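What follows is the content of upload.cif, which has mmCIF, N, CA, C and O atoms:
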data_query
#
loop_
_atom_site.group_PDB
_atom_site.id
_atom_site.type_symbol
_atom_site.label_atom_id
_atom_site.label_comp_id
_atom_site.auth_asym_id
_atom_site.auth_seq_id
_atom_site.Cartn_x
_atom_site.Cartn_y
_atom_site.Cartn_z
ATOM 1 N N VAL R 182 43.086 203.179 10.029
ATOM 2 C CA VAL R 182 42.361 202.882 11.251
ATOM 3 C C VAL R 182 42.216 201.371 11.440
ATOM 4 O O VAL R 182 42.478 200.857 12.511
ATOM 5 N N VAL R 183 41.816 200.657 10.386
ATOM 6 C CA VAL R 183 41.602 199.208 10.480
ATOM 7 C C VAL R 183 42.916 198.498 10.791
ATOM 8 O O VAL R 183 42.980 197.648 11.685
ATOM 9 N N MET R 184 43.968 198.850 10.067
ATOM 10 C CA MET R 184 45.258 198.180 10.267
ATOM 11 C C MET R 184 45.790 198.449 11.674
ATOM 12 O O MET R 184 46.317 197.539 12.322
ATOM 13 N N GLU R 185 45.644 199.672 12.132
ATOM 14 C CA GLU R 185 46.087 200.009 13.490
ATOM 15 C C GLU R 185 45.263 199.257 14.519
ATOM 16 O O GLU R 185 45.800 198.716 15.488
ATOM 17 N N ARG R 186 43.941 199.204 14.323
ATOM 18 C CA ARG R 186 43.069 198.478 15.248
ATOM 19 C C ARG R 186 43.490 197.015 15.346
ATOM 20 O O ARG R 186 43.495 196.424 16.424
ATOM 21 N N ASP R 187 43.859 196.434 14.197
ATOM 22 C CA ASP R 187 44.237 195.024 14.164
ATOM 23 C C ASP R 187 45.716 194.793 14.480
ATOM 24 O O ASP R 187 46.206 193.666 14.382
ATOM 25 N N GLY R 188 46.413 195.861 14.863
ATOM 26 C CA GLY R 188 47.809 195.736 15.273
ATOM 27 C C GLY R 188 48.750 195.375 14.134
ATOM 28 O O GLY R 188 49.807 194.801 14.385
ATOM 29 N N TRP R 189 48.367 195.701 12.895
ATOM 30 C CA TRP R 189 49.177 195.375 11.718
ATOM 31 C C TRP R 189 49.523 193.892 11.685
ATOM 32 O O TRP R 189 50.632 193.490 11.361
ATOM 33 N N LYS R 190 48.527 193.048 12.045
ATOM 34 C CA LYS R 190 48.679 191.593 11.992
ATOM 35 C C LYS R 190 47.502 191.005 11.242
ATOM 36 O O LYS R 190 46.376 191.505 11.322
ATOM 37 N N CYS R 191 47.767 189.924 10.535
ATOM 38 C CA CYS R 191 46.727 189.227 9.789
ATOM 39 C C CYS R 191 45.747 188.586 10.763
ATOM 40 O O CYS R 191 46.152 187.886 11.696
ATOM 41 N N ARG R 192 44.474 188.808 10.539
ATOM 42 C CA ARG R 192 43.450 188.255 11.422
ATOM 43 C C ARG R 192 43.189 186.776 11.167
ATOM 44 O O ARG R 192 42.477 186.153 11.944
ATOM 45 N N ILE R 193 43.773 186.211 10.128
ATOM 46 C CA ILE R 193 43.601 184.773 9.896
ATOM 47 C C ILE R 193 44.807 184.000 10.410
ATOM 48 O O ILE R 193 44.681 183.114 11.235
ATOM 49 N N CYS R 194 46.000 184.340 9.946
ATOM 50 C CA CYS R 194 47.184 183.558 10.337
ATOM 51 C C CYS R 194 48.008 184.204 11.450
ATOM 52 O O CYS R 194 48.859 183.553 12.037
ATOM 53 N N GLY R 195 47.780 185.484 11.713
ATOM 54 C CA GLY R 195 48.456 186.145 12.823
ATOM 55 C C GLY R 195 49.844 186.694 12.548
ATOM 56 O O GLY R 195 50.465 187.255 13.446
ATOM 57 N N ILE R 196 50.356 186.557 11.320
ATOM 58 C CA ILE R 196 51.707 187.068 11.062
ATOM 59 C C ILE R 196 51.705 188.597 10.999
ATOM 60 O O ILE R 196 50.692 189.209 10.651
ATOM 61 N N PRO R 197 52.824 189.204 11.330
ATOM 62 C CA PRO R 197 52.940 190.655 11.195
ATOM 63 C C PRO R 197 52.819 191.069 9.728
ATOM 64 O O PRO R 197 53.318 190.385 8.835
ATOM 65 N N THR R 198 52.132 192.186 9.518
ATOM 66 C CA THR R 198 51.986 192.752 8.175
ATOM 67 C C THR R 198 52.497 194.191 8.255
ATOM 68 O O THR R 198 51.726 195.124 8.417
ATOM 69 N N PRO R 199 53.798 194.375 8.170
ATOM 70 C CA PRO R 199 54.405 195.691 8.386
ATOM 71 C C PRO R 199 53.851 196.787 7.471
ATOM 72 O O PRO R 199 53.635 196.569 6.275
ATOM 73 N N LYS R 200 53.630 197.931 8.074
ATOM 74 C CA LYS R 200 53.081 199.081 7.360
ATOM 75 C C LYS R 200 53.875 199.409 6.102
ATOM 76 O O LYS R 200 53.298 199.742 5.065
ATOM 77 N N GLU R 201 55.203 199.290 6.179
ATOM 78 C CA GLU R 201 56.044 199.653 5.033
ATOM 79 C C GLU R 201 55.869 198.702 3.839
ATOM 80 O O GLU R 201 56.311 199.009 2.739
ATOM 81 N N LEU R 202 55.182 197.574 4.024
ATOM 82 C CA LEU R 202 54.941 196.641 2.923
ATOM 83 C C LEU R 202 53.596 196.889 2.231
ATOM 84 O O LEU R 202 53.264 196.209 1.256
ATOM 85 N N ARG R 203 52.834 197.851 2.721
ATOM 86 C CA ARG R 203 51.524 198.157 2.129
ATOM 87 C C ARG R 203 51.687 198.461 0.643
ATOM 88 O O ARG R 203 52.536 199.248 0.239
ATOM 89 N N GLY R 204 50.882 197.792 -0.185
ATOM 90 C CA GLY R 204 50.924 198.001 -1.627
ATOM 91 C C GLY R 204 51.982 197.185 -2.349
ATOM 92 O O GLY R 204 52.083 197.239 -3.565
ATOM 93 N N LYS R 205 52.761 196.408 -1.607
ATOM 94 C CA LYS R 205 53.811 195.577 -2.213
ATOM 95 C C LYS R 205 53.239 194.203 -2.562
ATOM 96 O O LYS R 205 52.241 193.771 -1.996
ATOM 97 N N PHE R 206 53.885 193.521 -3.473
ATOM 98 C CA PHE R 206 53.455 192.192 -3.871
ATOM 99 C C PHE R 206 54.300 191.131 -3.160
ATOM 100 O O PHE R 206 55.019 190.363 -3.795
ATOM 101 N N VAL R 207 54.213 191.120 -1.833
ATOM 102 C CA VAL R 207 54.903 190.128 -1.016
ATOM 103 C C VAL R 207 53.874 189.451 -0.119
ATOM 104 O O VAL R 207 52.826 190.036 0.193
ATOM 105 N N HIS R 208 54.167 188.229 0.308
ATOM 106 C CA HIS R 208 53.183 187.412 1.025
ATOM 107 C C HIS R 208 52.635 188.042 2.295
ATOM 108 O O HIS R 208 51.479 187.814 2.649
ATOM 109 N N ASN R 209 53.425 188.835 2.986
ATOM 110 C CA ASN R 209 52.958 189.401 4.259
ATOM 111 C C ASN R 209 52.612 190.884 4.171
ATOM 112 O O ASN R 209 52.531 191.567 5.189
ATOM 113 N N ALA R 210 52.352 191.372 2.973
ATOM 114 C CA ALA R 210 51.919 192.764 2.824
ATOM 115 C C ALA R 210 50.516 192.912 3.420
ATOM 116 O O ALA R 210 49.663 192.039 3.237
ATOM 117 N N PRO R 211 50.257 193.997 4.137
ATOM 118 C CA PRO R 211 48.926 194.197 4.711
ATOM 119 C C PRO R 211 47.913 194.581 3.634
ATOM 120 O O PRO R 211 48.213 195.391 2.757
ATOM 121 N N GLU R 212 46.737 193.962 3.703
ATOM 122 C CA GLU R 212 45.673 194.293 2.765
ATOM 123 C C GLU R 212 44.365 194.443 3.526
ATOM 124 O O GLU R 212 44.104 193.702 4.474
ATOM 125 N N LEU R 213 43.563 195.392 3.089
ATOM 126 C CA LEU R 213 42.243 195.590 3.672
ATOM 127 C C LEU R 213 41.310 194.536 3.094
ATOM 128 O O LEU R 213 41.251 194.351 1.884
ATOM 129 N N ASP R 214 40.608 193.845 3.968
ATOM 130 C CA ASP R 214 39.679 192.803 3.551
ATOM 131 C C ASP R 214 38.336 193.040 4.221
ATOM 132 O O ASP R 214 38.263 193.688 5.270
ATOM 133 N N HIS R 215 37.296 192.512 3.616
ATOM 134 C CA HIS R 215 35.968 192.549 4.219
ATOM 135 C C HIS R 215 35.654 191.155 4.744
ATOM 136 O O HIS R 215 35.713 190.183 3.986
ATOM 137 N N ASP R 216 35.354 191.055 6.029
ATOM 138 C CA ASP R 216 35.022 189.781 6.666
ATOM 139 C C ASP R 216 33.940 189.076 5.847
ATOM 140 O O ASP R 216 34.106 187.941 5.426
ATOM 141 N N VAL R 217 32.832 189.744 5.624
ATOM 142 C CA VAL R 217 31.805 189.269 4.691
ATOM 143 C C VAL R 217 32.035 190.051 3.406
ATOM 144 O O VAL R 217 31.868 191.271 3.390
ATOM 145 N N PRO R 218 32.464 189.378 2.349
ATOM 146 C CA PRO R 218 32.795 190.082 1.110
ATOM 147 C C PRO R 218 31.641 190.944 0.589
ATOM 148 O O PRO R 218 30.462 190.588 0.744
ATOM 149 N N LEU R 219 32.001 192.057 -0.026
ATOM 150 C CA LEU R 219 31.001 192.941 -0.609
ATOM 151 C C LEU R 219 30.158 192.177 -1.632
ATOM 152 O O LEU R 219 28.948 192.393 -1.728
ATOM 153 N N SER R 220 30.790 191.259 -2.350
ATOM 154 C CA SER R 220 30.084 190.474 -3.367
ATOM 155 C C SER R 220 29.049 189.533 -2.771
ATOM 156 O O SER R 220 28.201 189.005 -3.484
ATOM 157 N N ARG R 221 29.117 189.331 -1.452
ATOM 158 C CA ARG R 221 28.171 188.446 -0.766
ATOM 159 C C ARG R 221 27.267 189.232 0.175
ATOM 160 O O ARG R 221 26.689 188.668 1.099
ATOM 161 N N GLY R 222 27.178 190.526 -0.051
ATOM 162 C CA GLY R 222 26.261 191.346 0.735
ATOM 163 C C GLY R 222 26.882 192.037 1.926
ATOM 164 O O GLY R 222 26.180 192.691 2.690
ATOM 165 N N GLY R 223 28.189 191.898 2.108
ATOM 166 C CA GLY R 223 28.871 192.592 3.196
ATOM 167 C C GLY R 223 28.905 194.087 2.940
ATOM 168 O O GLY R 223 28.692 194.543 1.816
ATOM 169 N N HIS R 224 29.148 194.827 3.982
ATOM 170 C CA HIS R 224 29.166 196.283 3.877
ATOM 171 C C HIS R 224 30.573 196.825 4.076
ATOM 172 O O HIS R 224 31.394 196.213 4.748
ATOM 173 N N HIS R 225 30.809 197.987 3.488
ATOM 174 C CA HIS R 225 32.100 198.659 3.638
ATOM 175 C C HIS R 225 32.050 199.499 4.910
ATOM 176 O O HIS R 225 31.862 200.708 4.879
ATOM 177 N N THR R 226 32.161 198.791 6.042
ATOM 178 C CA THR R 226 32.106 199.433 7.357
ATOM 179 C C THR R 226 33.327 199.024 8.164
ATOM 180 O O THR R 226 33.978 198.014 7.864
ATOM 181 N N LEU R 227 33.612 199.780 9.199
ATOM 182 C CA LEU R 227 34.732 199.462 10.080
ATOM 183 C C LEU R 227 34.553 198.087 10.718
ATOM 184 O O LEU R 227 35.501 197.315 10.845
ATOM 185 N N GLU R 228 33.323 197.751 11.073
ATOM 186 C CA GLU R 228 33.055 196.468 11.721
ATOM 187 C C GLU R 228 33.277 195.284 10.782
ATOM 188 O O GLU R 228 33.597 194.182 11.240
ATOM 189 N N ASN R 229 33.114 195.491 9.485
ATOM 190 C CA ASN R 229 33.265 194.410 8.513
ATOM 191 C C ASN R 229 34.652 194.405 7.865
ATOM 192 O O ASN R 229 34.954 193.524 7.071
ATOM 193 N N ALA R 230 35.486 195.355 8.209
ATOM 194 C CA ALA R 230 36.822 195.452 7.615
ATOM 195 C C ALA R 230 37.854 194.812 8.540
ATOM 196 O O ALA R 230 37.694 194.802 9.758
ATOM 197 N N GLN R 231 38.905 194.274 7.924
ATOM 198 C CA GLN R 231 39.971 193.654 8.717
ATOM 199 C C GLN R 231 41.272 193.672 7.936
ATOM 200 O O GLN R 231 41.283 193.803 6.718
ATOM 201 N N CYS R 232 42.354 193.505 8.680
ATOM 202 C CA CYS R 232 43.684 193.414 8.091
ATOM 203 C C CYS R 232 43.994 191.946 7.828
ATOM 204 O O CYS R 232 43.862 191.112 8.718
ATOM 205 N N LEU R 233 44.378 191.645 6.594
ATOM 206 C CA LEU R 233 44.858 190.309 6.247
ATOM 207 C C LEU R 233 46.194 190.448 5.534
ATOM 208 O O LEU R 233 46.453 191.464 4.888
ATOM 209 N N CYS R 234 47.021 189.417 5.635
ATOM 210 C CA CYS R 234 48.232 189.392 4.822
ATOM 211 C C CYS R 234 47.806 189.074 3.394
ATOM 212 O O CYS R 234 46.717 188.537 3.154
ATOM 213 N N ARG R 235 48.648 189.409 2.461
ATOM 214 C CA ARG R 235 48.330 189.193 1.049
ATOM 215 C C ARG R 235 48.014 187.725 0.765
ATOM 216 O O ARG R 235 47.060 187.419 0.045
ATOM 217 N N SER R 236 48.760 186.812 1.353
ATOM 218 C CA SER R 236 48.534 185.382 1.114
ATOM 219 C C SER R 236 47.158 184.942 1.589
ATOM 220 O O SER R 236 46.434 184.256 0.860
ATOM 221 N N CYS R 237 46.791 185.322 2.794
ATOM 222 C CA CYS R 237 45.483 184.930 3.326
ATOM 223 C C CYS R 237 44.348 185.598 2.556
ATOM 224 O O CYS R 237 43.304 184.980 2.322
ATOM 225 N N ASN R 238 44.546 186.846 2.157
ATOM 226 C CA ASN R 238 43.510 187.539 1.407
ATOM 227 C C ASN R 238 43.262 186.844 0.065
ATOM 228 O O ASN R 238 42.108 186.668 -0.341
ATOM 229 N N GLN R 239 44.318 186.410 -0.593
ATOM 230 C CA GLN R 239 44.154 185.695 -1.853
ATOM 231 C C GLN R 239 43.484 184.344 -1.631
ATOM 232 O O GLN R 239 42.609 183.937 -2.398
ATOM 233 N N MET R 240 43.867 183.642 -0.588
ATOM 234 C CA MET R 240 43.298 182.340 -0.282
ATOM 235 C C MET R 240 41.822 182.476 0.125
ATOM 236 O O MET R 240 40.990 181.661 -0.243
ATOM 237 N N LYS R 241 41.490 183.543 0.851
ATOM 238 C CA LYS R 241 40.120 183.760 1.330
ATOM 239 C C LYS R 241 39.165 183.991 0.172
ATOM 240 O O LYS R 241 38.055 183.480 0.177
ATOM 241 N N SER R 242 39.598 184.742 -0.807
ATOM 242 C CA SER R 242 38.804 185.016 -2.006
ATOM 243 C C SER R 242 37.428 185.556 -1.625
ATOM 244 O O SER R 242 37.340 186.553 -0.923
ATOM 245 N N THR R 243 36.362 184.897 -2.047
ATOM 246 C CA THR R 243 35.007 185.399 -1.785
ATOM 247 C C THR R 243 34.329 184.676 -0.625
ATOM 248 O O THR R 243 33.120 184.745 -0.468
ATOM 249 N N ARG R 244 35.131 184.005 0.198
ATOM 250 C CA ARG R 244 34.573 183.337 1.378
ATOM 251 C C ARG R 244 34.559 184.301 2.557
ATOM 252 O O ARG R 244 35.318 185.269 2.585
ATOM 253 N N THR R 245 33.737 184.009 3.537
ATOM 254 C CA THR R 245 33.769 184.787 4.777
ATOM 255 C C THR R 245 34.942 184.290 5.612
ATOM 256 O O THR R 245 35.450 183.181 5.401
ATOM 257 N N THR R 246 35.343 185.085 6.575
ATOM 258 C CA THR R 246 36.429 184.665 7.461
ATOM 259 C C THR R 246 36.035 183.403 8.216
ATOM 260 O O THR R 246 36.845 182.486 8.371
ATOM 261 N N ALA R 247 34.792 183.319 8.670
ATOM 262 C CA ALA R 247 34.316 182.130 9.385
ATOM 263 C C ALA R 247 34.429 180.889 8.510
ATOM 264 O O ALA R 247 34.827 179.821 8.989
ATOM 265 N N GLU R 248 34.087 181.004 7.243
ATOM 266 C CA GLU R 248 34.184 179.860 6.325
ATOM 267 C C GLU R 248 35.637 179.425 6.157
ATOM 268 O O GLU R 248 35.933 178.230 6.150
ATOM 269 N N VAL R 249 36.534 180.398 6.050
ATOM 270 C CA VAL R 249 37.960 180.081 5.897
ATOM 271 C C VAL R 249 38.488 179.394 7.156
ATOM 272 O O VAL R 249 39.179 178.373 7.081
ATOM 273 N N LEU R 250 38.167 179.933 8.327
ATOM 274 C CA LEU R 250 38.646 179.340 9.572
ATOM 275 C C LEU R 250 38.099 177.932 9.763
ATOM 276 O O LEU R 250 38.818 177.050 10.219
ATOM 277 N N GLN R 251 36.856 177.717 9.377
ATOM 278 C CA GLN R 251 36.274 176.384 9.474
ATOM 279 C C GLN R 251 36.987 175.427 8.517
ATOM 280 O O GLN R 251 37.311 174.299 8.874
ATOM 281 N N TRP R 252 37.250 175.876 7.296
ATOM 282 C CA TRP R 252 37.941 175.065 6.297
ATOM 283 C C TRP R 252 39.356 174.724 6.772
ATOM 284 O O TRP R 252 39.814 173.590 6.630
ATOM 285 N N LEU R 253 40.048 175.692 7.367
ATOM 286 C CA LEU R 253 41.420 175.460 7.837
ATOM 287 C C LEU R 253 41.465 174.506 9.017
ATOM 288 O O LEU R 253 42.462 173.804 9.203
ATOM 289 N N SER R 254 40.417 174.459 9.811
ATOM 290 C CA SER R 254 40.427 173.602 10.995
ATOM 291 C C SER R 254 39.943 172.186 10.679
ATOM 292 O O SER R 254 40.013 171.310 11.536
ATOM 293 N N ALA R 255 39.466 171.947 9.477
ATOM 294 C CA ALA R 255 38.946 170.620 9.105
ATOM 295 C C ALA R 255 40.052 169.614 8.876
ATOM 296 O O ALA R 255 41.164 169.904 8.626
#

The structure in this file should be written as structure tokens.
Amino acid sequence: VVMERDGWKCRICGIPTPKELRGKFVHNAPELDHDVPLSRGGHHTLENAQCLCRSCNQMKSTRTTAEVLQWLSA
């Protein structure tokens, strides 16, 4: 549901994350991410879930999406 809602595209960098790459160890594999990480009090809800590419998900780590976008724009 989340990946379809997000059009199988990374919500940070915008690259396509093809469904057939799910579970693969490649940079543009789609991964489920939490906008506000669970470790920081985020919830496992549809509103807090998003599609990220593997590279962005690794780079995001325990930051919120807003923190990452702010860091990237600096």

Inset, instruction - Extract, using only N, CA, C and O atoms, all DNA, RNA and protein residues at most 5 Å from stretch 219-233 of chain R, discarding same-chain residues fewer than 6 positions from it, and format them as a VMD selection string. - result: chain R and resid 190 to 192 210 to 213

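Nearest to R:Ile193 of all the residues R:Gln239, R:Thr246, R:Asn209, R:Asp214 is R:Thr246, counting only C-alpha atoms.
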
Given the PyMOL selection byres ((chain R and resi 199-208) around 6), the residues it picks as an mmCIF file with N, CA, C and O atoms, in the frame of the given file:
data_model
loop_
_atom_site.group_PDB
_atom_site.id
_atom_site.type_symbol
_atom_site.label_atom_id
_atom_site.label_comp_id
_atom_site.auth_asym_id
_atom_site.auth_seq_id
_atom_site.Cartn_x
_atom_site.Cartn_y
_atom_site.Cartn_z
ATOM 1 N N TRP R 189 48.367 195.701 12.895
ATOM 2 C CA TRP R 189 49.177 195.375 11.718
ATOM 3 C C TRP R 189 49.523 193.892 11.685
ATOM 4 O O TRP R 189 50.632 193.490 11.361
ATOM 5 N N PRO R 197 52.824 189.204 11.330
ATOM 6 C CA PRO R 197 52.940 190.655 11.195
ATOM 7 C C PRO R 197 52.819 191.069 9.728
ATOM 8 O O PRO R 197 53.318 190.385 8.835
ATOM 9 N N THR R 198 52.132 192.186 9.518
ATOM 10 C CA THR R 198 51.986 192.752 8.175
ATOM 11 C C THR R 198 52.497 194.191 8.255
ATOM 12 O O THR R 198 51.726 195.124 8.417
ATOM 13 N N ASN R 209 53.425 188.835 2.986
ATOM 14 C CA ASN R 209 52.958 189.401 4.259
ATOM 15 C C ASN R 209 52.612 190.884 4.171
ATOM 16 O O ASN R 209 52.531 191.567 5.189
ATOM 17 N N ALA R 210 52.352 191.372 2.973
ATOM 18 C CA ALA R 210 51.919 192.764 2.824
ATOM 19 C C ALA R 210 50.516 192.912 3.420
ATOM 20 O O ALA R 210 49.663 192.039 3.237
ATOM 21 N N PRO R 211 50.257 193.997 4.137
ATOM 22 C CA PRO R 211 48.926 194.197 4.711
ATOM 23 C C PRO R 211 47.913 194.581 3.634
ATOM 24 O O PRO R 211 48.213 195.391 2.757
ATOM 25 N N CYS R 234 47.021 189.417 5.635
ATOM 26 C CA CYS R 234 48.232 189.392 4.822
ATOM 27 C C CYS R 234 47.806 189.074 3.394
ATOM 28 O O CYS R 234 46.717 188.537 3.154
ATOM 29 N N ARG R 235 48.648 189.409 2.461
ATOM 30 C CA ARG R 235 48.330 189.193 1.049
ATOM 31 C C ARG R 235 48.014 187.725 0.765
ATOM 32 O O ARG R 235 47.060 187.419 0.045
ATOM 33 N N SER R 236 48.760 186.812 1.353
ATOM 34 C CA SER R 236 48.534 185.382 1.114
ATOM 35 C C SER R 236 47.158 184.942 1.589
ATOM 36 O O SER R 236 46.434 184.256 0.860
ATOM 37 N N CYS R 237 46.791 185.322 2.794
ATOM 38 C CA CYS R 237 45.483 184.930 3.326
ATOM 39 C C CYS R 237 44.348 185.598 2.556
ATOM 40 O O CYS R 237 43.304 184.980 2.322
#

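Between atom CA of R:Ala255 and atom N of R:Val217 there is a distance of 20.4 Å.
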
Legend entry - For atom N of R:Cys194 and atom C of R:Thr245, the interatomic separation in Å (one decimal): 11.9 Å

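With atom CA of R:Pro218 on one side and atom CA of R:Met184 on the other, the separation reads 17.5 Å.
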
As a JSON list (two decimals) with N, CA, C and O atoms, in the coordinates of the input, please: every residue in chain R that DSSP puts in strand (DSSP E).
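Listed below is the output, states-v6.json:
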[["chain", "number", "residue", "atom", "x", "y", "z"],
["R", 211, "PRO", "N", 50.26, 194.00, 4.14],
["R", 211, "PRO", "CA", 48.93, 194.20, 4.71],
["R", 211, "PRO", "C", 47.91, 194.58, 3.63],
["R", 211, "PRO", "O", 48.21, 195.39, 2.76],
["R", 212, "GLU", "N", 46.74, 193.96, 3.70],
["R", 212, "GLU", "CA", 45.67, 194.29, 2.76],
["R", 212, "GLU", "C", 44.36, 194.44, 3.53],
["R", 212, "GLU", "O", 44.10, 193.70, 4.47],
["R", 213, "LEU", "N", 43.56, 195.39, 3.09],
["R", 213, "LEU", "CA", 42.24, 195.59, 3.67],
["R", 213, "LEU", "C", 41.31, 194.54, 3.09],
["R", 213, "LEU", "O", 41.25, 194.35, 1.88],
["R", 214, "ASP", "N", 40.61, 193.84, 3.97],
["R", 214, "ASP", "CA", 39.68, 192.80, 3.55],
["R", 214, "ASP", "C", 38.34, 193.04, 4.22],
["R", 214, "ASP", "O", 38.26, 193.69, 5.27],
["R", 215, "HIS", "N", 37.30, 192.51, 3.62],
["R", 215, "HIS", "CA", 35.97, 192.55, 4.22],
["R", 215, "HIS", "C", 35.65, 191.16, 4.74],
["R", 215, "HIS", "O", 35.71, 190.18, 3.99],
["R", 230, "ALA", "N", 35.49, 195.36, 8.21],
["R", 230, "ALA", "CA", 36.82, 195.45, 7.62],
["R", 230, "ALA", "C", 37.85, 194.81, 8.54],
["R", 230, "ALA", "O", 37.69, 194.80, 9.76],
["R", 231, "GLN", "N", 38.90, 194.27, 7.92],
["R", 231, "GLN", "CA", 39.97, 193.65, 8.72],
["R", 231, "GLN", "C", 41.27, 193.67, 7.94],
["R", 231, "GLN", "O", 41.28, 193.80, 6.72],
["R", 232, "CYS", "N", 42.35, 193.50, 8.68],
["R", 232, "CYS", "CA", 43.68, 193.41, 8.09],
["R", 232, "CYS", "C", 43.99, 191.95, 7.83],
["R", 232, "CYS", "O", 43.86, 191.11, 8.72],
["R", 233, "LEU", "N", 44.38, 191.64, 6.59],
["R", 233, "LEU", "CA", 44.86, 190.31, 6.25],
["R", 233, "LEU", "C", 46.19, 190.45, 5.53],
["R", 233, "LEU", "O", 46.45, 191.46, 4.89],
["R", 234, "CYS", "N", 47.02, 189.42, 5.64],
["R", 234, "CYS", "CA", 48.23, 189.39, 4.82],
["R", 234, "CYS", "C", 47.81, 189.07, 3.39],
["R", 234, "CYS", "O", 46.72, 188.54, 3.15]]
